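Worksheet: the structure to be examined is printed underneath.
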Amino acid sequence: MEMSHRSKEFRMIADKARASLRAMLSIPDDFEIFFTQGGSQMQQAAICYNLLGKYKAANFLITGNDSRSAQSEMSKFCKTHLVSDTTFNISLLANSESWSIEQSADFFHIVDDDKVSGFELSSDFPFGRIPPEQPLVCDMTGSFLTKPIEWERYGVVYAGAEKHSATGGSCITVVRRDLIGKHAPNTPSMLAWASYRDQPDSFPNTPNTWGVYMLGLNLDYMLGQGGLGEMHARTLARSAPIYDFVAQSKGFYQNLVPTAFRSRTNIAIVISS
């Protein structure tokens with residue numbers, strides 16, 4: 001989109017997109033919304049620069065490829081502690097007492113919808129097991145804009161825009177305000193959340209203007225169709241017939257994820273052999 005990101009016209013586009021996103025997801029006023037570049041992977045580096053404190057460590061719950069990839073990326077910046085790997089044993093989520101949680105950690109990372117494994121966190125997720133002093137950081141790329149978010153449980157929610165929101169190459173990051181401004185002194189300007197907070201109109205550098213524009217259009221459409229409740233209902237309506245077809249295939253097709261944790265947006269099917 002050939003438009004200056006410092007122009008009055010684009011500032012209006014960006015402000016409207018933020019307002020629509022806040023309305024769509026009922027984002028409380030104590031959270032900031034940032035439109036960043038580099039997708040979810042670059043934001044994983046930002047999370048480390050902004051949240052790592054005296055422990056230089058973080059807890060990771062592994063539920064599939066996406067959470068494993070996040071742990072691998074963040075291990076470049078801190079000590080990563082494996083809480084549990086439930087990829088091939090989802091029952092470990094229900095038996096959270098068996099988790100190995102590092103108390104001396106700066107944050108706790110999870111993935112809401114692990115796309116390759118077809119896993120999605122259910123409403124029964126044991127949030128009570130998260131140490132209250134550790135901000136809960138969640139990659140919601142796979143489920144963003146398709147279901148309500150209980151914001152009181154999270155410190156940071158981030159999502160690559162390409163899945164449900166806008167175009168590739170950008171990320172939507174929602175951060176609780178009390179977590180901003182604590183970044184390490186050597187944090188690159190592009191990764192410091194305070195840079196975005198302190199320059200909400202002009203951005204710290206040229207943003208993905210096309211992605212922000214497309215996000216605004218998509219949000220206008222979703223809100224016009226009935227908002228988040230309607231989007232959630234549509235994902236259920238689309239996924240249910242596929243799961244029913246798999247169940248009726250007499251074992252030819254299989255889904256290995258227990259019913260309570262099956263993704264509505266990323267359905268993993270294997271052929272029996």
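Chain identifiers are assigned as A, B, and so on, following the order in which chains appear in the structure tokens; residues are numbered from 1 within each chain, and ligands are numbered from 1 in order of appearance.
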
Please build the interface table for region 193-237 of chain A against region 162-182 of chain A with a cut-off of 12 Å, listing for each qualifying residue the nearest atom pair and the distance in Å to one decimal; count only C-alpha atoms, order rows by chain and increasing number, and write it as JSON lines.
```
{"residue": "A:Trp193", "atom": "CA", "partner": "A:Ile180", "partner_atom": "CA", "distance": 6.0}
{"residue": "A:Ala194", "atom": "CA", "partner": "A:Gly181", "partner_atom": "CA", "distance": 5.2}
{"residue": "A:Ser195", "atom": "CA", "partner": "A:Gly181", "partner_atom": "CA", "distance": 8.7}
{"residue": "A:Tyr196", "atom": "CA", "partner": "A:Ile180", "partner_atom": "CA", "distance": 9.8}
{"residue": "A:Arg197", "atom": "CA", "partner": "A:Ile180", "partner_atom": "CA", "distance": 8.1}
{"residue": "A:Asp198", "atom": "CA", "partner": "A:Gly181", "partner_atom": "CA", "distance": 9.9}
{"residue": "A:Thr206", "atom": "CA", "partner": "A:Ser170", "partner_atom": "CA", "distance": 11.9}
{"residue": "A:Pro207", "atom": "CA", "partner": "A:Ser170", "partner_atom": "CA", "distance": 8.5}
{"residue": "A:Asn208", "atom": "CA", "partner": "A:Ser170", "partner_atom": "CA", "distance": 6.6}
{"residue": "A:Thr209", "atom": "CA", "partner": "A:Ser170", "partner_atom": "CA", "distance": 9.8}
{"residue": "A:Trp210", "atom": "CA", "partner": "A:Thr167", "partner_atom": "CA", "distance": 7.7}
{"residue": "A:Gly211", "atom": "CA", "partner": "A:Thr167", "partner_atom": "CA", "distance": 5.1}
{"residue": "A:Val212", "atom": "CA", "partner": "A:Ala166", "partner_atom": "CA", "distance": 7.3}
{"residue": "A:Tyr213", "atom": "CA", "partner": "A:Ala166", "partner_atom": "CA", "distance": 8.3}
{"residue": "A:Met214", "atom": "CA", "partner": "A:Ala166", "partner_atom": "CA", "distance": 5.4}
{"residue": "A:Leu215", "atom": "CA", "partner": "A:Ala166", "partner_atom": "CA", "distance": 4.7}
{"residue": "A:Gly216", "atom": "CA", "partner": "A:Ala166", "partner_atom": "CA", "distance": 8.4}
{"residue": "A:Leu217", "atom": "CA", "partner": "A:Ala166", "partner_atom": "CA", "distance": 8.8}
{"residue": "A:Asn218", "atom": "CA", "partner": "A:Ser165", "partner_atom": "CA", "distance": 6.7}
{"residue": "A:Leu219", "atom": "CA", "partner": "A:Ser165", "partner_atom": "CA", "distance": 7.8}
{"residue": "A:Asp220", "atom": "CA", "partner": "A:Ser165", "partner_atom": "CA", "distance": 11.3}
{"residue": "A:Tyr221", "atom": "CA", "partner": "A:Ser165", "partner_atom": "CA", "distance": 11.2}
{"residue": "A:Met222", "atom": "CA", "partner": "A:Ser165", "partner_atom": "CA", "distance": 10.2}
{"residue": "A:Met231", "atom": "CA", "partner": "A:His164", "partner_atom": "CA", "distance": 10.7}
{"residue": "A:Thr235", "atom": "CA", "partner": "A:His164", "partner_atom": "CA", "distance": 11.5}
```

Which residues in region 15-248 of chain A does DSSP call alpha helix (DSSP H)? List them as number ranges by chain.
A: 15-25, 39-51, 65-74, 91-94, 193-198, 209-225, 228-247

- For Thr86 (chain A), list every protein, DNA or RNA residue within 12 Å, evaluated using only C-alpha atoms, and leave out those in the same chain fewer than 5 positions away; present the list as a PyMOL selection string. chain A and resi 60-65+67-68+91-96+98-99+110-111+114+117+119-121+257-258+261

- Task: Name the residues of region 73-105 of chain A that fall into strand (DSSP E or B) according to DSSP on the backbone, using the chain letters and numbers of this document, as number ranges by chain.
- Result: A: 79-85

Since we have the selection now, will you write its residues out, keeping N, CA, C and O atoms, as a short mmCIF file (atom, residue, chain, number, x, y, z; two decimals), in the first residue's frame?
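Now in selection10.cif:
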```
data_model
loop_
_atom_site.label_atom_id
_atom_site.label_comp_id
_atom_site.auth_asym_id
_atom_site.auth_seq_id
_atom_site.Cartn_x
_atom_site.Cartn_y
_atom_site.Cartn_z
N LYS A 79 17.43 -19.85 29.61
CA LYS A 79 17.29 -21.26 29.97
C LYS A 79 15.82 -21.63 29.85
O LYS A 79 14.96 -20.96 30.42
N THR A 80 15.53 -22.68 29.10
CA THR A 80 14.14 -23.10 28.93
C THR A 80 13.91 -24.38 29.73
O THR A 80 14.63 -25.36 29.57
N HIS A 81 12.88 -24.35 30.55
CA HIS A 81 12.57 -25.49 31.40
C HIS A 81 11.34 -26.21 30.86
O HIS A 81 10.28 -25.59 30.66
N LEU A 82 11.46 -27.50 30.60
CA LEU A 82 10.34 -28.30 30.09
C LEU A 82 9.41 -28.69 31.23
O LEU A 82 9.78 -29.48 32.11
N VAL A 83 8.22 -28.14 31.20
CA VAL A 83 7.21 -28.45 32.22
C VAL A 83 6.64 -29.85 31.98
O VAL A 83 6.54 -30.68 32.89
N SER A 84 6.27 -30.10 30.72
CA SER A 84 5.75 -31.40 30.31
C SER A 84 5.64 -31.41 28.79
O SER A 84 5.44 -30.36 28.18
N ASP A 85 5.80 -32.57 28.20
CA ASP A 85 5.61 -32.72 26.76
C ASP A 85 4.40 -33.63 26.56
O ASP A 85 4.47 -34.84 26.75
#
```

Worksheet item: Within 9 Å of Ser122 (chain A), counting only C-alpha atoms, which residues qualify if same-chain residues fewer than 5 places away don't, as a ChimeraX atom specification?
Response: /A:112,260-262

| message | Excluding Asn266 (chain A) and its own-chain neighbours fewer than 5 positions away, which residues fall within 8 Å of it when counting only C-alpha atoms? Please give them as an MDAnalysis selection string. | response | chainID A and resid 113 115:116 118:119 142

Those selected residues, please, written with N, CA and C atoms and delivered as a PDB file, in the first residue's frame.
```
ATOM      1  N   ASP A 113      -3.210 -23.209  20.299  1.00  0.00           N
ATOM      2  CA  ASP A 113      -3.624 -24.132  19.238  1.00  0.00           C
ATOM      3  C   ASP A 113      -2.382 -24.545  18.473  1.00  0.00           C
ATOM      4  N   LYS A 115      -0.823 -26.098  15.676  1.00  0.00           N
ATOM      5  CA  LYS A 115      -1.458 -26.321  14.376  1.00  0.00           C
ATOM      6  C   LYS A 115      -1.155 -27.692  13.773  1.00  0.00           C
ATOM      7  N   VAL A 116       0.098 -28.137  13.812  1.00  0.00           N
ATOM      8  CA  VAL A 116       0.456 -29.394  13.155  1.00  0.00           C
ATOM      9  C   VAL A 116      -0.165 -30.591  13.864  1.00  0.00           C
ATOM     10  N   GLY A 118      -2.880 -30.537  15.636  1.00  0.00           N
ATOM     11  CA  GLY A 118      -4.337 -30.450  15.703  1.00  0.00           C
ATOM     12  C   GLY A 118      -4.859 -30.358  17.113  1.00  0.00           C
ATOM     13  N   PHE A 119      -4.039 -29.811  18.012  1.00  0.00           N
ATOM     14  CA  PHE A 119      -4.378 -29.710  19.428  1.00  0.00           C
ATOM     15  C   PHE A 119      -4.809 -28.290  19.767  1.00  0.00           C
ATOM     16  N   GLY A 142      -2.897 -19.905  16.042  1.00  0.00           N
ATOM     17  CA  GLY A 142      -3.815 -20.872  15.456  1.00  0.00           C
ATOM     18  C   GLY A 142      -5.277 -20.652  15.767  1.00  0.00           C
TER      19      GLY A 142
END
```

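If you look at CA of Leu191 (chain A) and CA of Lys8 (chain A), they are 25.0 Å away from each other.
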
What lies within 10 Å of Ser26 (chain A) using only C-alpha atoms, ignoring chain neighbours under 2 positions off, as a PyMOL selection string?
chain A and resi 20-24+28-29+148-151+228

Same residues, C-alpha atoms, saved as an mmCIF file, in the first residue's frame:
```cif
data_model
loop_
_atom_site.group_PDB
_atom_site.id
_atom_site.type_symbol
_atom_site.label_atom_id
_atom_site.label_comp_id
_atom_site.auth_asym_id
_atom_site.auth_seq_id
_atom_site.Cartn_x
_atom_site.Cartn_y
_atom_site.Cartn_z
ATOM 1 C CA SER A 20 -11.942 -2.782 16.216
ATOM 2 C CA LEU A 21 -9.585 -5.427 17.614
ATOM 3 C CA ARG A 22 -10.204 -4.213 21.165
ATOM 4 C CA ALA A 23 -13.957 -4.389 20.554
ATOM 5 C CA MET A 24 -13.810 -7.783 18.834
ATOM 6 C CA PRO A 28 -9.293 -4.517 28.697
ATOM 7 C CA ASP A 29 -7.821 -1.037 28.974
ATOM 8 C CA PRO A 148 -13.123 -15.484 23.603
ATOM 9 C CA ILE A 149 -9.963 -14.849 25.633
ATOM 10 C CA GLU A 150 -9.970 -14.696 29.430
ATOM 11 C CA TRP A 151 -7.602 -11.752 29.625
ATOM 12 C CA LEU A 228 -16.571 -13.125 17.995
#
```

Could you give me, as a CSV table (one decimal) with C-alpha atoms, in the first residue's frame, the residues within 6 Å of His232 (chain A), counting only C-alpha atoms and dropping anything in the same chain fewer than 2 positions from it?
```
chain,number,residue,atom,x,y,z
A,146,THR,CA,-12.1,-17.4,16.7
A,147,LYS,CA,-13.0,-17.6,20.5
A,229,GLY,CA,-19.5,-15.3,19.0
A,230,GLU,CA,-20.5,-15.8,15.3
A,234,ARG,CA,-18.7,-21.0,12.4
A,235,THR,CA,-15.5,-22.8,13.4
```

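You will find CA of Ser273 (chain A) at 14.9 Å from CA of Val246 (chain A).
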
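Straight-line separation from CA of Tyr158 (chain A) to CA of Asp139 (chain A): 5.2 Å.
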